[in-house]
file model.cif (mmCIF, C-alpha atoms and all ligand atoms; chains and numbers go by the auth columns)
data_input
loop_
_atom_site.group_PDB
_atom_site.id
_atom_site.type_symbol
_atom_site.label_atom_id
_atom_site.label_comp_id
_atom_site.label_asym_id
_atom_site.label_seq_id
_atom_site.Cartn_x
_atom_site.Cartn_y
_atom_site.Cartn_z
_atom_site.B_iso_or_equiv
_atom_site.auth_seq_id
_atom_site.auth_asym_id
ATOM 1 C CA MET A 1 19.621 19.598 -11.225 0.00 572 K
ATOM 2 C CA ASP A 2 16.551 18.519 -9.349 0.00 573 K
ATOM 3 C CA GLY A 3 17.999 16.707 -6.337 0.00 574 K
ATOM 4 C CA ASP A 4 14.560 16.018 -4.891 0.00 575 K
ATOM 5 C CA HIS A 5 13.212 14.507 -8.160 0.00 576 K
ATOM 6 C CA ALA A 6 10.117 16.733 -7.772 0.00 577 K
ATOM 7 C CA ARG A 7 9.770 17.256 -11.510 0.00 578 K
ATOM 8 C CA GLU A 8 9.921 13.527 -12.263 0.00 579 K
ATOM 9 C CA ARG A 9 7.332 12.982 -9.546 0.00 580 K
ATOM 10 C CA ARG A 10 4.955 15.535 -11.088 0.00 581 K
ATOM 11 C CA LEU A 11 5.409 13.949 -14.509 0.00 582 K
ATOM 12 C CA MET A 12 4.786 10.498 -13.057 0.00 583 K
ATOM 13 C CA THR A 13 1.618 11.729 -11.366 0.00 584 K
ATOM 14 C CA GLU A 14 0.286 13.302 -14.564 0.00 585 K
ATOM 15 C CA SER A 15 1.293 10.789 -17.216 0.00 586 K
ATOM 16 C CA GLN A 16 0.998 7.483 -15.350 0.00 587 K
ATOM 17 C CA ILE A 17 -1.677 8.157 -12.770 0.00 588 K
ATOM 18 C CA ARG A 18 -4.046 10.983 -13.686 0.00 589 K
ATOM 19 C CA ALA A 19 -3.902 9.972 -17.357 0.00 590 K
ATOM 20 C CA ARG A 20 -5.110 6.462 -16.407 0.00 591 K
ATOM 21 C CA GLY A 21 -8.130 7.749 -14.548 0.00 592 K
ATOM 22 C CA VAL A 22 -7.131 8.297 -10.909 0.00 593 K
ATOM 23 C CA ARG A 23 -8.983 11.476 -9.923 0.00 594 K
ATOM 24 C CA ASP A 24 -8.898 11.691 -6.112 0.00 595 K
ATOM 25 C CA PRO A 25 -7.055 14.965 -5.374 0.00 596 K
ATOM 26 C CA LEU A 26 -5.696 13.619 -2.061 0.00 597 K
ATOM 27 C CA VAL A 27 -4.164 10.619 -3.830 0.00 598 K
ATOM 28 C CA LEU A 28 -2.705 12.731 -6.647 0.00 599 K
ATOM 29 C CA ALA A 29 -1.203 15.173 -4.126 0.00 600 K
ATOM 30 C CA ALA A 30 0.311 12.351 -2.068 0.00 601 K
ATOM 31 C CA MET A 31 1.835 10.714 -5.148 0.00 602 K
ATOM 32 C CA ALA A 32 3.362 14.045 -6.173 0.00 603 K
ATOM 33 C CA ARG A 33 4.740 14.543 -2.690 0.00 604 K
ATOM 34 C CA VAL A 34 6.224 11.253 -1.386 0.00 605 K
ATOM 35 C CA PRO A 35 9.883 10.875 -2.482 0.00 606 K
ATOM 36 C CA ARG A 36 9.626 7.360 -3.961 0.00 607 K
ATOM 37 C CA HIS A 37 13.354 7.178 -4.780 0.00 608 K
ATOM 38 C CA LEU A 38 14.285 7.269 -1.082 0.00 609 K
ATOM 39 C CA PHE A 39 12.535 3.922 -0.565 0.00 610 K
ATOM 40 C CA MET A 40 14.924 2.069 -2.878 0.00 611 K
ATOM 41 C CA PRO A 41 18.671 1.530 -3.145 0.00 612 K
ATOM 42 C CA GLU A 42 20.500 4.496 -4.679 0.00 613 K
ATOM 43 C CA GLY A 43 21.495 2.341 -7.654 0.00 614 K
ATOM 44 C CA LEU A 44 17.820 2.330 -8.707 0.00 615 K
ATOM 45 C CA TRP A 45 17.116 6.056 -8.337 0.00 616 K
ATOM 46 C CA ALA A 46 17.373 6.632 -12.073 0.00 617 K
ATOM 47 C CA HIS A 47 14.364 4.293 -12.493 0.00 618 K
ATOM 48 C CA ALA A 48 12.465 5.310 -9.363 0.00 619 K
ATOM 49 C CA TYR A 49 9.718 7.194 -11.229 0.00 620 K
ATOM 50 C CA ALA A 50 9.413 4.782 -14.159 0.00 621 K
ATOM 51 C CA ASP A 51 6.105 3.068 -14.953 0.00 622 K
ATOM 52 C CA GLU A 52 7.087 -0.289 -13.420 0.00 623 K
ATOM 53 C CA PRO A 53 7.549 -2.253 -10.192 0.00 624 K
ATOM 54 C CA LEU A 54 11.174 -2.487 -8.937 0.00 625 K
ATOM 55 C CA PRO A 55 13.119 -5.017 -6.835 0.00 626 K
ATOM 56 C CA ILE A 56 13.911 -3.780 -3.322 0.00 627 K
ATOM 57 C CA GLY A 57 15.943 -6.687 -1.914 0.00 628 K
ATOM 58 C CA GLU A 58 14.938 -9.849 0.011 0.00 629 K
ATOM 59 C CA GLY A 59 13.194 -10.967 -3.207 0.00 630 K
ATOM 60 C CA GLN A 60 10.507 -8.300 -2.772 0.00 631 K
ATOM 61 C CA THR A 61 9.276 -5.532 -5.038 0.00 632 K
ATOM 62 C CA ILE A 62 8.014 -1.973 -4.684 0.00 633 K
ATOM 63 C CA SER A 63 4.735 -1.735 -6.588 0.00 634 K
ATOM 64 C CA GLN A 64 4.298 0.237 -9.809 0.00 635 K
ATOM 65 C CA PRO A 65 3.283 3.860 -9.001 0.00 636 K
ATOM 66 C CA TYR A 66 -0.085 3.491 -10.772 0.00 637 K
ATOM 67 C CA ILE A 67 -1.000 0.411 -8.720 0.00 638 K
ATOM 68 C CA VAL A 68 -0.128 2.220 -5.470 0.00 639 K
ATOM 69 C CA ALA A 69 -2.343 5.148 -6.508 0.00 640 K
ATOM 70 C CA TYR A 70 -5.163 2.904 -7.772 0.00 641 K
ATOM 71 C CA MET A 71 -5.278 0.820 -4.592 0.00 642 K
ATOM 72 C CA THR A 72 -5.120 3.914 -2.388 0.00 643 K
ATOM 73 C CA GLU A 73 -7.942 5.613 -4.288 0.00 644 K
ATOM 74 C CA ALA A 74 -10.101 2.478 -3.934 0.00 645 K
ATOM 75 C CA LEU A 75 -9.941 2.864 -0.139 0.00 646 K
ATOM 76 C CA GLY A 76 -11.844 6.160 -0.423 0.00 647 K
ATOM 77 C CA LEU A 77 -9.847 7.915 2.308 0.00 648 K
ATOM 78 C CA ASP A 78 -10.521 11.544 3.146 0.00 649 K
ATOM 79 C CA GLY A 79 -8.413 12.049 6.241 0.00 650 K
ATOM 80 C CA GLY A 80 -8.616 10.861 9.831 0.00 651 K
ATOM 81 C CA GLU A 81 -9.091 7.150 9.110 0.00 652 K
ATOM 82 C CA LYS A 82 -7.444 4.222 10.889 0.00 653 K
ATOM 83 C CA VAL A 83 -5.727 2.134 8.217 0.00 654 K
ATOM 84 C CA LEU A 84 -4.111 -1.306 8.413 0.00 655 K
ATOM 85 C CA GLU A 85 -1.450 -2.215 5.857 0.00 656 K
ATOM 86 C CA VAL A 86 -0.302 -5.833 5.470 0.00 657 K
ATOM 87 C CA GLY A 87 3.138 -5.966 3.800 0.00 658 K
ATOM 88 C CA THR A 88 5.189 -2.854 4.649 0.00 659 K
ATOM 89 C CA GLY A 89 7.865 -3.779 2.102 0.00 660 K
ATOM 90 C CA SER A 90 9.821 -0.669 1.198 0.00 661 K
ATOM 91 C CA GLY A 91 7.460 1.579 3.163 0.00 662 K
ATOM 92 C CA TYR A 92 6.515 3.582 0.063 0.00 663 K
ATOM 93 C CA GLN A 93 2.816 2.665 0.102 0.00 664 K
ATOM 94 C CA THR A 94 2.881 3.235 3.883 0.00 665 K
ATOM 95 C CA ALA A 95 4.043 6.821 3.313 0.00 666 K
ATOM 96 C CA VAL A 96 1.299 7.488 0.746 0.00 667 K
ATOM 97 C CA LEU A 97 -1.287 6.238 3.270 0.00 668 K
ATOM 98 C CA ALA A 98 0.260 8.239 6.135 0.00 669 K
ATOM 99 C CA VAL A 99 -0.010 11.461 4.102 0.00 670 K
ATOM 100 C CA ILE A 100 -3.751 10.967 3.542 0.00 671 K
ATOM 101 C CA ALA A 101 -5.140 8.994 6.514 0.00 672 K
ATOM 102 C CA GLY A 102 -5.114 9.654 10.261 0.00 673 K
ATOM 103 C CA GLU A 103 -3.064 6.709 11.548 0.00 674 K
ATOM 104 C CA VAL A 104 -1.492 3.730 9.815 0.00 675 K
ATOM 105 C CA TRP A 105 -0.761 0.332 11.392 0.00 676 K
ATOM 106 C CA THR A 106 1.650 -1.622 9.169 0.00 677 K
ATOM 107 C CA VAL A 107 2.800 -5.246 9.482 0.00 678 K
ATOM 108 C CA GLU A 108 5.796 -6.808 7.717 0.00 679 K
ATOM 109 C CA ILE A 109 6.973 -10.382 8.066 0.00 680 K
ATOM 110 C CA VAL A 110 10.623 -9.822 7.000 0.00 681 K
ATOM 111 C CA GLU A 111 12.370 -8.010 9.836 0.00 682 K
ATOM 112 C CA THR A 112 15.164 -6.461 7.752 0.00 683 K
ATOM 113 C CA LEU A 113 12.558 -4.879 5.433 0.00 684 K
ATOM 114 C CA ALA A 114 10.513 -3.620 8.388 0.00 685 K
ATOM 115 C CA LEU A 115 13.561 -2.018 10.008 0.00 686 K
ATOM 116 C CA ARG A 116 14.709 -0.388 6.784 0.00 687 K
ATOM 117 C CA ALA A 117 11.247 0.984 6.022 0.00 688 K
ATOM 118 C CA ARG A 118 10.901 2.330 9.528 0.00 689 K
ATOM 119 C CA ALA A 119 14.263 4.096 9.386 0.00 690 K
ATOM 120 C CA ILE A 120 13.277 5.818 6.136 0.00 691 K
ATOM 121 C CA LEU A 121 9.782 6.779 7.328 0.00 692 K
ATOM 122 C CA ASP A 122 11.149 8.077 10.657 0.00 693 K
ATOM 123 C CA GLY A 123 13.745 10.068 8.724 0.00 694 K
ATOM 124 C CA LEU A 124 10.989 11.666 6.648 0.00 695 K
ATOM 125 C CA GLY A 125 9.206 12.687 9.833 0.00 696 K
ATOM 126 C CA TYR A 126 6.040 10.546 9.736 0.00 697 K
ATOM 127 C CA THR A 127 4.731 10.217 13.291 0.00 698 K
ATOM 128 C CA ASN A 128 1.348 8.589 12.565 0.00 699 K
ATOM 129 C CA ILE A 129 2.670 5.102 11.662 0.00 700 K
ATOM 130 C CA HIS A 130 2.727 2.063 13.986 0.00 701 K
ATOM 131 C CA TYR A 131 4.987 -0.863 13.093 0.00 702 K
ATOM 132 C CA ARG A 132 4.882 -4.574 13.765 0.00 703 K
ATOM 133 C CA VAL A 133 7.089 -7.429 12.574 0.00 704 K
ATOM 134 C CA GLY A 134 5.103 -10.614 12.054 0.00 705 K
ATOM 135 C CA ASP A 135 2.433 -12.378 10.035 0.00 706 K
ATOM 136 C CA GLY A 136 -0.093 -9.790 8.926 0.00 707 K
ATOM 137 C CA SER A 137 -2.628 -12.309 7.620 0.00 708 K
ATOM 138 C CA GLU A 138 -4.205 -12.293 11.072 0.00 709 K
ATOM 139 C CA GLY A 139 -4.367 -8.494 11.015 0.00 710 K
ATOM 140 C CA TRP A 140 -3.812 -6.460 14.181 0.00 711 K
ATOM 141 C CA PRO A 141 -6.688 -7.572 16.429 0.00 712 K
ATOM 142 C CA GLU A 142 -5.826 -5.267 19.351 0.00 713 K
ATOM 143 C CA GLU A 143 -6.288 -2.215 17.124 0.00 714 K
ATOM 144 C CA ALA A 144 -9.344 -3.359 15.144 0.00 715 K
ATOM 145 C CA PRO A 145 -11.699 -2.221 13.773 0.00 716 K
ATOM 146 C CA PHE A 146 -10.063 -0.363 10.864 0.00 717 K
ATOM 147 C CA ASP A 147 -11.738 2.033 8.448 0.00 718 K
ATOM 148 C CA ALA A 148 -9.536 0.691 5.665 0.00 719 K
ATOM 149 C CA ILE A 149 -7.249 -2.305 5.094 0.00 720 K
ATOM 150 C CA ILE A 150 -4.746 -2.693 2.264 0.00 721 K
ATOM 151 C CA VAL A 151 -2.963 -5.953 1.563 0.00 722 K
ATOM 152 C CA THR A 152 0.096 -5.611 -0.677 0.00 723 K
ATOM 153 C CA ALA A 153 0.875 -9.319 -1.124 0.00 724 K
ATOM 154 C CA ALA A 154 -1.477 -11.874 -2.673 0.00 725 K
ATOM 155 C CA ALA A 155 -3.687 -13.929 -0.359 0.00 726 K
ATOM 156 C CA PRO A 156 -4.438 -17.475 -1.591 0.00 727 K
ATOM 157 C CA ARG A 157 -8.137 -16.891 -0.760 0.00 728 K
ATOM 158 C CA MET A 158 -10.218 -14.071 0.665 0.00 729 K
ATOM 159 C CA PRO A 159 -8.791 -13.470 4.179 0.00 730 K
ATOM 160 C CA ALA A 160 -11.766 -13.731 6.564 0.00 731 K
ATOM 161 C CA ALA A 161 -9.693 -12.641 9.567 0.00 732 K
ATOM 162 C CA LEU A 162 -8.988 -9.310 7.848 0.00 733 K
ATOM 163 C CA GLU A 163 -12.575 -8.822 6.658 0.00 734 K
ATOM 164 C CA ASN A 164 -13.684 -9.206 10.266 0.00 735 K
ATOM 165 C CA GLN A 165 -11.360 -6.376 11.359 0.00 736 K
ATOM 166 C CA LEU A 166 -13.160 -3.881 9.095 0.00 737 K
ATOM 167 C CA ALA A 167 -15.362 -1.253 10.718 0.00 738 K
ATOM 168 C CA GLN A 168 -18.978 -0.864 9.513 0.00 739 K
ATOM 169 C CA GLY A 169 -18.687 0.880 6.144 0.00 740 K
ATOM 170 C CA GLY A 170 -14.955 0.073 6.037 0.00 741 K
ATOM 171 C CA ARG A 171 -13.148 -0.980 2.868 0.00 742 K
ATOM 172 C CA MET A 172 -10.399 -3.467 2.104 0.00 743 K
ATOM 173 C CA ILE A 173 -8.343 -3.772 -1.060 0.00 744 K
ATOM 174 C CA VAL A 174 -6.649 -7.160 -1.465 0.00 745 K
ATOM 175 C CA PRO A 175 -5.106 -9.229 -4.272 0.00 746 K
ATOM 176 C CA VAL A 176 -6.498 -12.776 -4.122 0.00 747 K
ATOM 177 C CA GLY A 177 -5.213 -15.845 -5.952 0.00 748 K
ATOM 178 C CA THR A 178 -2.086 -17.865 -6.598 0.00 749 K
ATOM 179 C CA ASP A 179 -1.023 -17.970 -10.269 0.00 750 K
ATOM 180 C CA LEU A 180 -3.873 -15.816 -11.508 0.00 751 K
ATOM 181 C CA GLN A 181 -4.646 -13.050 -9.056 0.00 752 K
ATOM 182 C CA GLU A 182 -7.439 -10.526 -8.955 0.00 753 K
ATOM 183 C CA LEU A 183 -7.675 -7.342 -6.967 0.00 754 K
ATOM 184 C CA PHE A 184 -10.813 -7.290 -4.805 0.00 755 K
ATOM 185 C CA LEU A 185 -12.516 -4.382 -3.089 0.00 756 K
ATOM 186 C CA VAL A 186 -14.458 -5.527 -0.022 0.00 757 K
ATOM 187 C CA ARG A 187 -16.958 -3.280 1.787 0.00 758 K
ATOM 188 C CA ARG A 188 -18.404 -4.077 5.171 0.00 759 K
ATOM 189 C CA VAL A 189 -22.120 -3.322 5.080 0.00 760 K
ATOM 190 C CA LYS A 190 -24.907 -3.969 7.600 0.00 761 K
ATOM 191 C CA LYS A 191 -25.756 -7.368 6.203 0.00 762 K
ATOM 192 C CA GLY A 192 -22.203 -8.614 5.720 0.00 763 K
ATOM 193 C CA PHE A 193 -19.632 -7.963 2.994 0.00 764 K
ATOM 194 C CA GLU A 194 -19.834 -6.727 -0.600 0.00 765 K
ATOM 195 C CA ARG A 195 -16.961 -7.996 -2.732 0.00 766 K
ATOM 196 C CA ASP A 196 -16.088 -6.549 -6.143 0.00 767 K
ATOM 197 C CA ARG A 197 -13.463 -7.865 -8.523 0.00 768 K
ATOM 198 C CA LEU A 198 -11.495 -4.932 -9.970 0.00 769 K
ATOM 199 C CA LEU A 199 -8.661 -6.160 -12.194 0.00 770 K
ATOM 200 C CA GLY A 200 -6.024 -8.820 -12.781 0.00 771 K
ATOM 201 C CA VAL A 201 -2.747 -8.180 -10.936 0.00 772 K
ATOM 202 C CA ARG A 202 0.554 -9.810 -10.012 0.00 773 K
ATOM 203 C CA PHE A 203 1.874 -9.547 -6.448 0.00 774 K
ATOM 204 C CA VAL A 204 4.343 -11.604 -4.438 0.00 775 K
ATOM 205 C CA PRO A 205 2.441 -14.161 -2.300 0.00 776 K
ATOM 206 C CA LEU A 206 1.631 -13.604 1.353 0.00 777 K
ATOM 207 C CA VAL A 207 3.948 -15.933 3.239 0.00 778 K
ATOM 208 C CA LYS A 208 3.032 -17.859 6.357 0.00 779 K
ATOM 209 C CA ALA A 209 4.963 -17.372 9.585 0.00 780 K
ATOM 210 C CA SER A 210 7.269 -20.392 10.082 0.00 781 K
HETATM 211 N N1 LIG B . 3.659 -1.988 -0.367 0.00 801 K
HETATM 212 C C1 LIG B . 5.029 -2.356 -0.595 0.00 801 K
HETATM 213 C C2 LIG B . 5.153 -3.567 -1.499 0.00 801 K
HETATM 214 C C3 LIG B . 5.200 -4.725 -0.666 0.00 801 K
HETATM 215 S S1 LIG B . 5.664 -6.244 -1.438 0.00 801 K
HETATM 216 C C4 LIG B . 5.812 -1.241 -1.180 0.00 801 K
HETATM 217 O O1 LIG B . 5.223 -0.222 -1.574 0.00 801 K
HETATM 218 O O2 LIG B . 7.021 -1.359 -1.213 0.00 801 K
HETATM 219 C C5 LIG B . 4.826 -7.285 -0.273 0.00 801 K
HETATM 220 C C6 LIG B . 5.396 -7.296 1.111 0.00 801 K
HETATM 221 O O3 LIG B . 4.591 -8.155 1.904 0.00 801 K
HETATM 222 C C7 LIG B . 6.807 -7.859 1.197 0.00 801 K
HETATM 223 O O4 LIG B . 7.635 -6.963 1.866 0.00 801 K
HETATM 224 C C8 LIG B . 6.648 -9.151 1.995 0.00 801 K
HETATM 225 O O5 LIG B . 7.754 -9.477 2.798 0.00 801 K
HETATM 226 C C9 LIG B . 5.421 -8.835 2.819 0.00 801 K
HETATM 227 N N2 LIG B . 4.712 -10.001 3.329 0.00 801 K
HETATM 228 C C10 LIG B . 4.540 -11.199 2.727 0.00 801 K
HETATM 229 N N3 LIG B . 3.791 -12.003 3.496 0.00 801 K
HETATM 230 C C11 LIG B . 3.475 -11.296 4.607 0.00 801 K
HETATM 231 C C12 LIG B . 2.716 -11.606 5.785 0.00 801 K
HETATM 232 N N4 LIG B . 2.135 -12.795 5.967 0.00 801 K
HETATM 233 N N5 LIG B . 2.586 -10.639 6.724 0.00 801 K
HETATM 234 C C13 LIG B . 3.173 -9.429 6.559 0.00 801 K
HETATM 235 N N6 LIG B . 3.901 -9.085 5.470 0.00 801 K
HETATM 236 C C14 LIG B . 4.053 -10.014 4.506 0.00 801 K
#
call {"tool": "encode", "arguments": {"input": "model.cif", "output": "structure tokens"}}
result
Amino acid sequence: MDGDHARERRLMTESQIRARGVRDPLVLAAMARVPRHLFMPEGLWAHAYADEPLPIGEGQTISQPYIVAYMTEALGLDGGEKVLEVGTGSGYQTAVLAVIAGEVWTVEIVETLALRARAILDGLGYTNIHYRVGDGSEGWPEEAPFDAIIVTAAAPRMPAALENQLAQGGRMIVPVGTDLQELFLVRRVKKGFERDRLLGVRFVPLVKAS
């Protein structure tokens, strides 16, 4: 038996991620390393490495492995960066970022999810993650600028507050839209922002703090 699911993880990385065109060796290594099953209830472990998103409680989902890898690769990380994540959720994407980047600041609006993710990430020994419970649509102004920002819930329109927390040359990956959503890659350049539409996606919506 493979108690750590390492074989399933290697298969997932080859057949779902490399086979679909993700080439960044840091991303492939992180996907093969982070124990995705530990971020979900034990009842779901049999499906943890399947090619699909999964429910994680509180009406939220853990993204499909390929989408996690695709979004991470789009950030162009090569180590040492300051990264902001909006929507900690299960903490799985947070772990993938923490393996590759220097420091990760992650914001989650649902406290129970934030606490659960933190317990798992602490248990796995990640010490380069900073946590906040609250509305991440305003970013984390005290820590800005960030080299990279990843938003894992859909923004109704391009979030200007987050764009403005990007460092010069920084990149943000963000799903934008309500019913129909598109993944955008934003780059901060000298004269402003370059925005590229990448593909159609489906994420839970960013919720507003009440
Ligand atoms: N990256 C996660 C998937 C997150 S699902 C993973 O790998 O598991 C999106 C998450 O964004 C949910 O946990 C949801 O509660 C959170 N969220 C929604 N609106 C938010 C907001 N305004 N600020 C911070 N987090 C938010």
call {"tool": "resolve_selection", "arguments": {"input": "model.cif", "expression": "the PyMOL selection byres (((chain K and resi 576-591) around 7) and not hetatm)", "output": "list in words"}}
result
Asp573, Gly574, Asp575, Gly592, Val593, Arg594, Leu599, Met602, Ala603, Tyr620, Asp622, Tyr637 and Ala640 of chain K
call {"tool": "residues_near_ligand", "arguments": {"input": "model.cif", "ligand": "ligand LIG 801 (chain K)", "cutoff": "9 Å", "atoms": "only C-alpha atoms and all ligand atoms", "output": "PyMOL selection string"}}
result
chain K and resi 610-611+625+627+629-636+639+656-667+677-682+684-685+688+703-710+721-726+774-780
call {"tool": "atom_distance", "arguments": {"input": "model.cif", "atom1": "CA of Ile671 in chain K", "atom2": "CA of Leu648 in chain K"}}
result
6.9 Å
call {"tool": "resolve_selection", "arguments": {"input": "model.cif", "expression": "the PyMOL selection byres (((chain K and resi 734) around 9) and not hetatm)", "output": "number ranges by chain"}}
result
K: 720, 729-733, 735-737, 742-743, 757-759, 764
call {"tool": "resolve_selection", "arguments": {"input": "model.cif", "expression": "the PyMOL selection byres (((chain K and resi 718) around 7) and not hetatm)", "output": "JSON, numbers by chain"}}
result
{"K": [652, 653, 654, 716, 717, 719, 737, 738, 741, 742]}
call {"tool": "atom_distance", "arguments": {"input": "model.cif", "atom1": "CA of Trp616 in chain K", "atom2": "CA of Arg687 in chain K"}}
result
16.6 Å
call {"tool": "atom_distance", "arguments": {"input": "model.cif", "atom1": "CA of Leu615 in chain K", "atom2": "CA of Arg773 in chain K"}}
result
21.1 Å
call {"tool": "closest_residue", "arguments": {"input": "model.cif", "among": "K:Leu686, K:Ile638, K:Arg766, K:Pro612", "to": "Pro624 in chain K", "atoms": "all atoms listed in the file"}}
result
K:Ile638
call {"tool": "closest_residue", "arguments": {"input": "model.cif", "among": "K:Ile744, K:Leu668, K:Leu692, K:Leu655", "to": "Trp711 in chain K", "atoms": "all atoms listed in the file"}}
result
K:Leu655
call {"tool": "residues_near_point", "arguments": {"input": "model.cif", "point": "(6.0, 11.1, 5.2)", "cutoff": "7 Å", "atoms": "all atoms listed in the file", "output": "PDB file with C-alpha atoms, in the frame of the given file"}}
result
ATOM      1  CA  VAL K 605       6.224  11.253  -1.386  1.00  0.00           C
ATOM      2  CA  ALA K 666       4.043   6.821   3.313  1.00  0.00           C
ATOM      3  CA  ALA K 669       0.260   8.239   6.135  1.00  0.00           C
ATOM      4  CA  VAL K 670      -0.010  11.461   4.102  1.00  0.00           C
ATOM      5  CA  LEU K 692       9.782   6.779   7.328  1.00  0.00           C
ATOM      6  CA  LEU K 695      10.989  11.666   6.648  1.00  0.00           C
ATOM      7  CA  GLY K 696       9.206  12.687   9.833  1.00  0.00           C
ATOM      8  CA  TYR K 697       6.040  10.546   9.736  1.00  0.00           C
TER       9      TYR K 697
END
call {"tool": "closest_residue", "arguments": {"input": "model.cif", "among": "K:Arg689, K:His618, K:His701, K:Arg604", "to": "Val675 in chain K", "atoms": "only C-alpha atoms"}}
result
K:His701
call {"tool": "build_atoms", "arguments": {"input": "model.cif", "residues": "range 738-752 of chain K", "atoms": "N, CA and C atoms", "output": "compact mmCIF listing (two decimals), in the frame of the given file"}}
result
# COMPACT_ATOMS: atom_id res chain seq x y z
N ALA K 738 -14.27 -1.97 10.07
CA ALA K 738 -15.36 -1.25 10.72
C ALA K 738 -16.58 -1.29 9.79
N GLN K 739 -17.77 -1.02 10.33
CA GLN K 739 -18.98 -0.86 9.51
C GLN K 739 -18.69 0.21 8.47
N GLY K 740 -18.95 -0.09 7.21
CA GLY K 740 -18.69 0.88 6.14
C GLY K 740 -17.22 0.90 5.70
N GLY K 741 -16.39 0.09 6.37
CA GLY K 741 -14.96 0.07 6.04
C GLY K 741 -14.69 -0.65 4.72
N ARG K 742 -13.51 -0.39 4.16
CA ARG K 742 -13.15 -0.98 2.87
C ARG K 742 -11.80 -1.67 2.94
N MET K 743 -11.68 -2.77 2.21
CA MET K 743 -10.40 -3.47 2.10
C MET K 743 -10.07 -3.70 0.64
N ILE K 744 -8.81 -3.46 0.29
CA ILE K 744 -8.34 -3.77 -1.06
C ILE K 744 -7.30 -4.88 -0.92
N VAL K 745 -7.49 -5.97 -1.67
CA VAL K 745 -6.65 -7.16 -1.46
C VAL K 745 -6.51 -7.96 -2.76
N PRO K 746 -5.29 -8.30 -3.15
CA PRO K 746 -5.11 -9.23 -4.27
C PRO K 746 -5.34 -10.66 -3.79
N VAL K 747 -6.17 -11.41 -4.52
CA VAL K 747 -6.50 -12.78 -4.12
C VAL K 747 -6.18 -13.72 -5.27
N GLY K 748 -5.51 -14.84 -4.94
CA GLY K 748 -5.21 -15.84 -5.95
C GLY K 748 -3.78 -16.32 -5.84
N THR K 749 -3.46 -17.35 -6.61
CA THR K 749 -2.09 -17.86 -6.60
C THR K 749 -1.42 -17.51 -7.92
N ASP K 750 -1.63 -18.32 -8.98
CA ASP K 750 -1.02 -17.97 -10.27
C ASP K 750 -1.74 -16.77 -10.87
N LEU K 751 -3.06 -16.93 -11.03
CA LEU K 751 -3.87 -15.82 -11.51
C LEU K 751 -4.41 -15.09 -10.29
N GLN K 752 -4.16 -13.82 -10.21
CA GLN K 752 -4.65 -13.05 -9.06
C GLN K 752 -5.58 -11.95 -9.53
